[in-house]
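Next comes target_20.txt, a file with compact mmCIF, N, CA and C atoms.
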```txt
# COMPACT_ATOMS: atom_id res chain seq x y z
N MET A 1 4.09 -16.82 31.57
CA MET A 1 5.28 -16.35 30.91
C MET A 1 5.90 -17.46 30.07
N PHE A 2 5.92 -18.67 30.61
CA PHE A 2 6.52 -19.80 29.88
C PHE A 2 5.46 -20.81 29.50
N ASN A 3 4.31 -20.34 29.05
CA ASN A 3 3.20 -21.24 28.73
C ASN A 3 3.44 -22.07 27.48
N ASP A 4 4.31 -21.61 26.59
CA ASP A 4 4.47 -22.31 25.33
C ASP A 4 5.69 -23.22 25.31
N ILE A 5 6.28 -23.50 26.45
CA ILE A 5 7.42 -24.42 26.51
C ILE A 5 6.88 -25.84 26.68
N GLY A 6 7.28 -26.72 25.78
CA GLY A 6 6.84 -28.10 25.83
C GLY A 6 7.80 -28.96 26.63
N ALA A 7 7.49 -30.24 26.72
CA ALA A 7 8.30 -31.17 27.51
C ALA A 7 9.69 -31.34 26.89
N LEU A 8 9.77 -31.43 25.58
CA LEU A 8 11.06 -31.61 24.91
C LEU A 8 11.97 -30.40 25.12
N GLU A 9 11.40 -29.19 25.06
CA GLU A 9 12.20 -27.99 25.30
C GLU A 9 12.70 -27.94 26.74
N LEU A 10 11.83 -28.33 27.67
CA LEU A 10 12.22 -28.32 29.09
C LEU A 10 13.35 -29.32 29.35
N VAL A 11 13.26 -30.50 28.78
CA VAL A 11 14.32 -31.50 28.94
C VAL A 11 15.62 -30.99 28.32
N THR A 12 15.53 -30.33 27.18
CA THR A 12 16.72 -29.78 26.53
C THR A 12 17.37 -28.71 27.39
N ILE A 13 16.57 -27.84 27.99
CA ILE A 13 17.12 -26.80 28.87
C ILE A 13 17.80 -27.41 30.08
N VAL A 14 17.20 -28.43 30.68
CA VAL A 14 17.80 -29.08 31.86
C VAL A 14 19.12 -29.74 31.48
N VAL A 15 19.15 -30.45 30.35
CA VAL A 15 20.39 -31.12 29.93
C VAL A 15 21.47 -30.09 29.63
N LEU A 16 21.12 -29.00 28.96
CA LEU A 16 22.10 -27.95 28.69
C LEU A 16 22.58 -27.29 29.99
N GLY A 17 21.66 -27.09 30.92
CA GLY A 17 22.05 -26.52 32.22
C GLY A 17 23.03 -27.41 32.96
N ILE A 18 22.79 -28.71 32.93
CA ILE A 18 23.70 -29.65 33.60
C ILE A 18 25.06 -29.64 32.90
N LEU A 19 25.06 -29.60 31.58
CA LEU A 19 26.34 -29.59 30.84
C LEU A 19 27.11 -28.29 31.05
N VAL A 20 26.42 -27.15 31.07
CA VAL A 20 27.11 -25.86 31.19
C VAL A 20 27.54 -25.59 32.62
N PHE A 21 26.63 -25.75 33.58
CA PHE A 21 26.93 -25.36 34.96
C PHE A 21 27.38 -26.53 35.84
N GLY A 22 27.07 -27.71 35.44
CA GLY A 22 27.44 -28.87 36.25
C GLY A 22 26.36 -29.16 37.27
N PRO A 23 26.32 -30.40 37.75
CA PRO A 23 25.26 -30.77 38.70
C PRO A 23 25.44 -30.11 40.07
N ASP A 24 26.64 -29.64 40.41
CA ASP A 24 26.86 -29.02 41.72
C ASP A 24 26.34 -27.58 41.77
N LYS A 25 26.54 -26.83 40.69
CA LYS A 25 26.17 -25.42 40.68
C LYS A 25 24.76 -25.18 40.15
N LEU A 26 24.13 -26.17 39.56
CA LEU A 26 22.82 -25.99 38.94
C LEU A 26 21.73 -25.52 39.92
N PRO A 27 21.62 -26.07 41.14
CA PRO A 27 20.59 -25.57 42.07
C PRO A 27 20.78 -24.09 42.41
N LYS A 28 22.01 -23.65 42.58
CA LYS A 28 22.28 -22.24 42.88
C LYS A 28 21.90 -21.34 41.70
N VAL A 29 22.19 -21.79 40.48
CA VAL A 29 21.84 -21.02 39.28
C VAL A 29 20.32 -20.92 39.15
N ILE A 30 19.61 -22.00 39.43
CA ILE A 30 18.15 -21.99 39.36
C ILE A 30 17.58 -21.01 40.37
N GLN A 31 18.14 -20.99 41.59
CA GLN A 31 17.68 -20.05 42.61
C GLN A 31 17.93 -18.61 42.16
N ASP A 32 19.07 -18.35 41.58
CA ASP A 32 19.39 -16.99 41.12
C ASP A 32 18.44 -16.55 40.01
N VAL A 33 18.15 -17.45 39.09
CA VAL A 33 17.25 -17.11 37.98
C VAL A 33 15.83 -16.85 38.49
N THR A 34 15.33 -17.70 39.39
CA THR A 34 13.98 -17.48 39.92
C THR A 34 13.91 -16.20 40.73
N GLY A 35 14.95 -15.88 41.47
CA GLY A 35 14.98 -14.62 42.21
C GLY A 35 14.98 -13.42 41.27
N PHE A 36 15.72 -13.53 40.16
CA PHE A 36 15.76 -12.46 39.18
C PHE A 36 14.38 -12.25 38.54
N ILE A 37 13.70 -13.35 38.25
CA ILE A 37 12.36 -13.26 37.67
C ILE A 37 11.38 -12.62 38.66
N ARG A 38 11.50 -12.99 39.94
CA ARG A 38 10.64 -12.37 40.96
C ARG A 38 10.88 -10.87 41.05
N LYS A 39 12.14 -10.44 40.98
CA LYS A 39 12.46 -9.01 41.06
C LYS A 39 11.89 -8.27 39.85
N ILE A 40 11.97 -8.88 38.67
CA ILE A 40 11.42 -8.24 37.46
C ILE A 40 9.91 -8.11 37.58
N ARG A 41 9.24 -9.15 38.07
CA ARG A 41 7.79 -9.07 38.25
C ARG A 41 7.41 -8.00 39.25
N ALA A 42 8.13 -7.93 40.36
CA ALA A 42 7.84 -6.91 41.38
C ALA A 42 8.07 -5.51 40.81
N PHE A 43 9.14 -5.33 40.02
CA PHE A 43 9.41 -4.04 39.41
C PHE A 43 8.30 -3.65 38.44
N SER A 44 7.84 -4.59 37.62
CA SER A 44 6.78 -4.28 36.65
C SER A 44 5.46 -3.98 37.36
N ASP A 45 5.14 -4.72 38.43
CA ASP A 45 3.92 -4.44 39.18
C ASP A 45 3.98 -3.06 39.82
N SER A 46 5.16 -2.70 40.34
CA SER A 46 5.34 -1.38 40.95
C SER A 46 5.19 -0.29 39.90
N ALA A 47 5.75 -0.50 38.72
CA ALA A 47 5.61 0.50 37.65
C ALA A 47 4.16 0.63 37.21
N LYS A 48 3.44 -0.48 37.11
CA LYS A 48 2.03 -0.42 36.74
C LYS A 48 1.22 0.36 37.77
N ASN A 49 1.47 0.10 39.05
CA ASN A 49 0.75 0.81 40.11
C ASN A 49 1.08 2.30 40.08
N ASP A 50 2.33 2.66 39.83
CA ASP A 50 2.71 4.07 39.74
C ASP A 50 2.00 4.75 38.58
N ILE A 51 1.94 4.09 37.44
CA ILE A 51 1.26 4.68 36.28
C ILE A 51 -0.22 4.84 36.56
N ARG A 52 -0.86 3.85 37.19
CA ARG A 52 -2.29 3.95 37.51
C ARG A 52 -2.55 5.10 38.48
N SER A 53 -1.68 5.26 39.47
CA SER A 53 -1.88 6.36 40.43
C SER A 53 -1.66 7.72 39.77
N GLU A 54 -0.76 7.82 38.80
CA GLU A 54 -0.52 9.08 38.11
C GLU A 54 -1.63 9.43 37.12
N LEU A 55 -2.28 8.42 36.55
CA LEU A 55 -3.35 8.67 35.58
C LEU A 55 -4.58 9.27 36.25
N GLY A 56 -4.84 8.92 37.49
CA GLY A 56 -5.97 9.48 38.21
C GLY A 56 -7.14 8.53 38.28
N PRO A 57 -8.23 9.00 38.94
CA PRO A 57 -9.39 8.12 39.18
C PRO A 57 -10.18 7.77 37.92
N GLU A 58 -10.10 8.60 36.86
CA GLU A 58 -10.88 8.29 35.66
C GLU A 58 -10.33 7.08 34.91
N PHE A 59 -9.10 6.67 35.22
CA PHE A 59 -8.50 5.50 34.58
C PHE A 59 -8.34 4.34 35.57
N LYS A 60 -9.23 4.26 36.56
CA LYS A 60 -9.10 3.21 37.57
C LYS A 60 -9.34 1.82 36.99
N ASP A 61 -10.13 1.72 35.90
CA ASP A 61 -10.39 0.43 35.27
C ASP A 61 -9.41 0.11 34.15
N PHE A 62 -8.38 0.92 34.00
CA PHE A 62 -7.40 0.74 32.93
C PHE A 62 -6.57 -0.51 33.17
N GLU A 63 -6.48 -1.33 32.13
CA GLU A 63 -5.64 -2.53 32.18
C GLU A 63 -4.59 -2.44 31.09
N PHE A 64 -3.37 -2.78 31.42
CA PHE A 64 -2.29 -2.71 30.45
C PHE A 64 -2.43 -3.77 29.36
N GLU A 65 -3.13 -4.85 29.66
CA GLU A 65 -3.37 -5.89 28.67
C GLU A 65 -4.25 -5.38 27.53
N ASP A 66 -5.05 -4.31 27.82
CA ASP A 66 -5.91 -3.74 26.79
C ASP A 66 -5.11 -3.01 25.71
N LEU A 67 -3.85 -2.73 25.97
CA LEU A 67 -3.01 -2.06 24.97
C LEU A 67 -2.57 -3.01 23.88
N ASN A 68 -2.70 -4.31 24.11
CA ASN A 68 -2.40 -5.29 23.07
C ASN A 68 -3.44 -5.13 21.97
N PRO A 69 -3.03 -4.94 20.72
CA PRO A 69 -4.00 -4.69 19.65
C PRO A 69 -5.06 -5.78 19.52
N LYS A 70 -4.67 -7.04 19.69
CA LYS A 70 -5.64 -8.13 19.56
C LYS A 70 -6.70 -8.02 20.66
N THR A 71 -6.28 -7.75 21.88
CA THR A 71 -7.22 -7.62 23.00
C THR A 71 -8.09 -6.38 22.82
N PHE A 72 -7.49 -5.29 22.35
CA PHE A 72 -8.24 -4.06 22.15
C PHE A 72 -9.36 -4.25 21.13
N ILE A 73 -9.05 -4.89 20.01
CA ILE A 73 -10.05 -5.11 18.97
C ILE A 73 -11.15 -6.05 19.47
N ARG A 74 -10.75 -7.12 20.17
CA ARG A 74 -11.74 -8.06 20.70
C ARG A 74 -12.68 -7.35 21.67
N LYS A 75 -12.11 -6.49 22.53
CA LYS A 75 -12.92 -5.78 23.52
C LYS A 75 -13.87 -4.81 22.83
N GLN A 76 -13.40 -4.09 21.80
CA GLN A 76 -14.25 -3.15 21.09
C GLN A 76 -15.38 -3.86 20.35
N LEU A 77 -15.09 -5.04 19.81
CA LEU A 77 -16.12 -5.77 19.08
C LEU A 77 -17.17 -6.36 20.00
N THR A 78 -16.77 -6.77 21.20
CA THR A 78 -17.73 -7.40 22.11
C THR A 78 -18.51 -6.38 22.94
N GLU A 79 -17.94 -5.20 23.20
CA GLU A 79 -18.61 -4.23 24.06
C GLU A 79 -19.40 -3.17 23.29
N ASN A 80 -19.23 -3.09 22.00
CA ASN A 80 -19.91 -2.07 21.21
C ASN A 80 -21.38 -2.45 21.06
N GLU A 81 -22.28 -1.55 21.50
CA GLU A 81 -23.71 -1.83 21.49
C GLU A 81 -24.27 -1.93 20.07
N ASP A 82 -23.76 -1.09 19.16
CA ASP A 82 -24.25 -1.13 17.79
C ASP A 82 -23.94 -2.47 17.14
N LEU A 83 -22.74 -2.97 17.37
CA LEU A 83 -22.37 -4.27 16.80
C LEU A 83 -23.18 -5.40 17.41
N LYS A 84 -23.47 -5.30 18.70
CA LYS A 84 -24.31 -6.33 19.32
C LYS A 84 -25.70 -6.34 18.70
N GLU A 85 -26.22 -5.15 18.43
CA GLU A 85 -27.55 -5.06 17.83
C GLU A 85 -27.55 -5.64 16.42
N ILE A 86 -26.52 -5.35 15.65
CA ILE A 86 -26.42 -5.89 14.29
C ILE A 86 -26.28 -7.40 14.34
N ARG A 87 -25.44 -7.88 15.26
CA ARG A 87 -25.20 -9.32 15.37
C ARG A 87 -26.48 -10.06 15.76
N THR A 88 -27.27 -9.49 16.66
CA THR A 88 -28.51 -10.16 17.07
C THR A 88 -29.60 -10.04 16.02
N SER A 89 -29.60 -8.96 15.24
CA SER A 89 -30.63 -8.80 14.22
C SER A 89 -30.39 -9.72 13.02
N PHE A 90 -29.16 -10.08 12.76
CA PHE A 90 -28.84 -10.95 11.63
C PHE A 90 -28.47 -12.31 12.16
N ASP A 91 -29.44 -13.22 12.15
CA ASP A 91 -29.21 -14.58 12.61
C ASP A 91 -29.18 -15.50 11.39
N LEU A 92 -28.00 -15.96 11.02
CA LEU A 92 -27.84 -16.77 9.82
C LEU A 92 -28.59 -18.09 9.92
N ARG A 93 -28.60 -18.68 11.09
CA ARG A 93 -29.32 -19.95 11.26
C ARG A 93 -30.81 -19.78 11.01
N LYS A 94 -31.36 -18.69 11.52
CA LYS A 94 -32.78 -18.42 11.31
C LYS A 94 -33.07 -18.20 9.83
N GLU A 95 -32.20 -17.44 9.16
CA GLU A 95 -32.39 -17.20 7.73
C GLU A 95 -32.33 -18.51 6.94
N LEU A 96 -31.36 -19.36 7.26
CA LEU A 96 -31.24 -20.64 6.56
C LEU A 96 -32.43 -21.55 6.82
N SER A 97 -32.90 -21.55 8.06
CA SER A 97 -34.06 -22.40 8.35
C SER A 97 -35.30 -21.88 7.63
N ASP A 98 -35.45 -20.55 7.51
CA ASP A 98 -36.59 -19.99 6.77
C ASP A 98 -36.53 -20.39 5.30
N VAL A 99 -35.34 -20.33 4.72
CA VAL A 99 -35.18 -20.70 3.31
C VAL A 99 -35.46 -22.19 3.12
N SER A 100 -34.91 -23.02 4.00
CA SER A 100 -35.12 -24.47 3.86
C SER A 100 -36.60 -24.82 4.06
N ASP A 101 -37.29 -24.14 4.97
CA ASP A 101 -38.72 -24.38 5.16
C ASP A 101 -39.50 -23.98 3.91
N ALA A 102 -39.12 -22.87 3.29
CA ALA A 102 -39.81 -22.43 2.07
C ALA A 102 -39.59 -23.42 0.94
N VAL A 103 -38.37 -23.94 0.82
CA VAL A 103 -38.08 -24.93 -0.23
C VAL A 103 -38.85 -26.21 0.02
N LYS A 104 -38.87 -26.66 1.27
CA LYS A 104 -39.60 -27.89 1.59
C LYS A 104 -41.10 -27.73 1.36
N SER A 105 -41.64 -26.57 1.70
CA SER A 105 -43.08 -26.37 1.51
C SER A 105 -43.42 -26.27 0.02
N SER A 106 -42.52 -25.68 -0.78
CA SER A 106 -42.80 -25.61 -2.22
C SER A 106 -42.69 -27.00 -2.85
N GLU A 107 -41.78 -27.83 -2.40
CA GLU A 107 -41.67 -29.19 -2.90
C GLU A 107 -42.88 -30.01 -2.48
N ALA A 108 -43.32 -29.82 -1.24
CA ALA A 108 -44.48 -30.57 -0.76
C ALA A 108 -45.75 -30.12 -1.48
N GLY A 109 -45.86 -28.84 -1.81
CA GLY A 109 -47.03 -28.33 -2.53
C GLY A 109 -47.05 -28.78 -3.97
N ALA A 110 -45.91 -28.97 -4.60
CA ALA A 110 -45.84 -29.36 -6.01
C ALA A 110 -46.03 -30.86 -6.18
N ALA A 111 -45.68 -31.66 -5.22
CA ALA A 111 -45.75 -33.11 -5.34
C ALA A 111 -47.19 -33.63 -5.43
N PRO A 112 -48.18 -33.17 -4.65
CA PRO A 112 -49.52 -33.71 -4.75
C PRO A 112 -50.21 -33.35 -6.07
N ALA A 113 -49.81 -32.31 -6.75
CA ALA A 113 -50.48 -31.90 -7.99
C ALA A 113 -50.21 -32.89 -9.12
N ALA A 114 -49.05 -33.49 -9.15
CA ALA A 114 -48.71 -34.44 -10.23
C ALA A 114 -49.16 -35.83 -9.82
N PRO A 115 -49.59 -36.66 -10.79
CA PRO A 115 -49.95 -38.03 -10.46
C PRO A 115 -48.73 -38.79 -9.96
N ALA A 116 -48.96 -39.76 -9.11
CA ALA A 116 -47.87 -40.51 -8.49
C ALA A 116 -47.10 -41.32 -9.53
N ALA A 117 -47.78 -41.89 -10.52
CA ALA A 117 -47.09 -42.70 -11.52
C ALA A 117 -46.21 -41.82 -12.41
N ALA A 118 -46.69 -40.66 -12.78
CA ALA A 118 -45.90 -39.77 -13.63
C ALA A 118 -44.71 -39.22 -12.86
N ALA A 119 -44.89 -38.96 -11.59
CA ALA A 119 -43.80 -38.42 -10.78
C ALA A 119 -42.72 -39.47 -10.60
N ALA A 120 -43.12 -40.73 -10.51
CA ALA A 120 -42.12 -41.79 -10.34
C ALA A 120 -41.39 -42.06 -11.64
N ALA A 121 -42.07 -41.87 -12.78
CA ALA A 121 -41.46 -42.18 -14.06
C ALA A 121 -40.49 -41.09 -14.51
N THR A 122 -40.85 -39.83 -14.33
CA THR A 122 -39.98 -38.74 -14.76
C THR A 122 -39.72 -37.81 -13.58
N PRO A 123 -38.47 -37.49 -13.33
CA PRO A 123 -38.18 -36.58 -12.22
C PRO A 123 -38.61 -35.16 -12.58
N ALA A 124 -39.05 -34.42 -11.58
CA ALA A 124 -39.50 -33.05 -11.81
C ALA A 124 -38.28 -32.15 -11.95
N VAL A 125 -38.18 -31.48 -13.10
CA VAL A 125 -37.08 -30.57 -13.36
C VAL A 125 -37.67 -29.18 -13.48
N THR A 126 -37.25 -28.29 -12.60
CA THR A 126 -37.80 -26.95 -12.61
C THR A 126 -36.91 -25.98 -13.37
N GLY A 127 -35.70 -26.37 -13.71
CA GLY A 127 -34.80 -25.47 -14.42
C GLY A 127 -33.78 -26.30 -15.19
N PRO A 128 -32.80 -25.64 -15.75
CA PRO A 128 -31.78 -26.39 -16.50
C PRO A 128 -30.95 -27.25 -15.56
N ASP A 129 -30.49 -28.37 -16.09
CA ASP A 129 -29.64 -29.27 -15.33
C ASP A 129 -28.23 -28.68 -15.31
N LEU A 130 -27.80 -28.24 -14.14
CA LEU A 130 -26.50 -27.58 -14.03
C LEU A 130 -25.34 -28.55 -14.01
N LEU A 131 -25.64 -29.81 -13.77
CA LEU A 131 -24.57 -30.81 -13.74
C LEU A 131 -24.25 -31.37 -15.12
N LYS A 132 -25.17 -31.20 -16.04
CA LYS A 132 -24.98 -31.72 -17.39
C LYS A 132 -24.14 -30.74 -18.19
N LYS A 133 -23.15 -31.25 -18.93
CA LYS A 133 -22.30 -30.40 -19.75
C LYS A 133 -23.10 -29.93 -20.97
N PRO A 134 -22.92 -28.66 -21.33
CA PRO A 134 -23.64 -28.17 -22.51
C PRO A 134 -23.08 -28.82 -23.79
N ALA A 135 -23.93 -28.95 -24.76
CA ALA A 135 -23.51 -29.54 -26.03
C ALA A 135 -22.59 -28.57 -26.76
N ALA A 136 -21.63 -29.11 -27.47
CA ALA A 136 -20.69 -28.27 -28.22
C ALA A 136 -21.43 -27.63 -29.39
N PRO A 137 -21.21 -26.34 -29.65
CA PRO A 137 -21.90 -25.69 -30.76
C PRO A 137 -21.36 -26.18 -32.09
N ALA A 138 -22.16 -26.05 -33.10
CA ALA A 138 -21.74 -26.44 -34.45
C ALA A 138 -20.58 -25.54 -34.88
N PRO A 139 -19.73 -26.01 -35.81
CA PRO A 139 -18.56 -25.21 -36.21
C PRO A 139 -18.95 -23.83 -36.75
N ASP A 140 -20.10 -23.71 -37.41
CA ASP A 140 -20.49 -22.42 -37.95
C ASP A 140 -20.99 -21.48 -36.86
N GLU A 141 -21.48 -22.04 -35.75
CA GLU A 141 -22.06 -21.22 -34.69
C GLU A 141 -21.01 -20.72 -33.70
N ARG A 142 -19.81 -21.23 -33.75
CA ARG A 142 -18.78 -20.82 -32.79
C ARG A 142 -18.41 -19.36 -33.00
N SER A 143 -18.15 -18.70 -31.90
CA SER A 143 -17.68 -17.32 -32.02
C SER A 143 -16.19 -17.33 -32.30
N ARG A 144 -15.76 -16.38 -33.04
CA ARG A 144 -14.34 -16.31 -33.41
C ARG A 144 -13.52 -15.86 -32.20
N PHE A 145 -12.34 -16.39 -32.08
CA PHE A 145 -11.45 -16.06 -30.97
C PHE A 145 -10.33 -15.17 -31.50
N ASP A 146 -10.20 -14.02 -30.87
CA ASP A 146 -9.14 -13.09 -31.27
C ASP A 146 -8.14 -13.02 -30.13
N ALA A 147 -6.95 -13.58 -30.33
CA ALA A 147 -5.93 -13.62 -29.28
C ALA A 147 -5.42 -12.24 -28.94
N ASP A 148 -5.42 -11.32 -29.90
CA ASP A 148 -4.92 -9.99 -29.62
C ASP A 148 -5.91 -9.16 -28.80
N ALA A 149 -7.18 -9.50 -28.85
CA ALA A 149 -8.20 -8.73 -28.14
C ALA A 149 -8.20 -9.05 -26.65
N THR A 150 -7.66 -10.17 -26.24
CA THR A 150 -7.72 -10.53 -24.83
C THR A 150 -6.49 -10.24 -24.09
```
Write the structure described by the file as structure tokens, please.
Amino acid sequence: MFNDIGALELVTIVVLGILVFGPDKLPKVIQDVTGFIRKIRAFSDSAKNDIRSELGPEFKDFEFEDLNPKTFIRKQLTENEDLKEIRTSFDLRKELSDVSDAVKSSEAGAAPAAPAAAAAATPAVTGPDLLKKPAAPAPDERSRFDADAT
């Protein structure tokens, strides 16, 4: 219930409690608050048990936490057999390793065909250099820009 309270918040609550209630009444207030929390928990557990008994035996595995949308979606995604089959049939690591093996084998197959001296002198380029900026076209070759058309 109070899982997200940090040390600084706890110290602040204690200091405020001492200032508001005083050091004499603070233990009694803490007892009253813990008793109130116990009663609320007992009431909620009793209500949950009453609802489960009214729903009948077909809902014996029903959990109220499943009504949380995040939990419901997580449960549907992990328990759905079709999704499990899709997830197991598509293995991204296997696909990437197959592609990398194919690239390595094509590089290894192309390297022995060229002489070693020629390969060392000029790098093998199989396509256009994507890192090199294209040359600017001549002024006559430029396409006209129409600001109204865009």
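You will find atom C of Thr78 of chain A at 18.2 Å from atom CA of Phe64 of chain A.
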Atom CA of Phe62 of chain A sits from atom CA of Asn49 of chain A at a separation of 10.9 Å
Contacts of Ile30 of chain A at 12 Å or less, counting only C-alpha atoms, minus same-chain residues fewer than 6 places along, as a ChimeraX atom specification?
-> /A:13-14,17-18,21-24,36-37
The distance between atom CA of Arg52 of chain A and atom CA of Glu81 of chain A is 27.4 Å
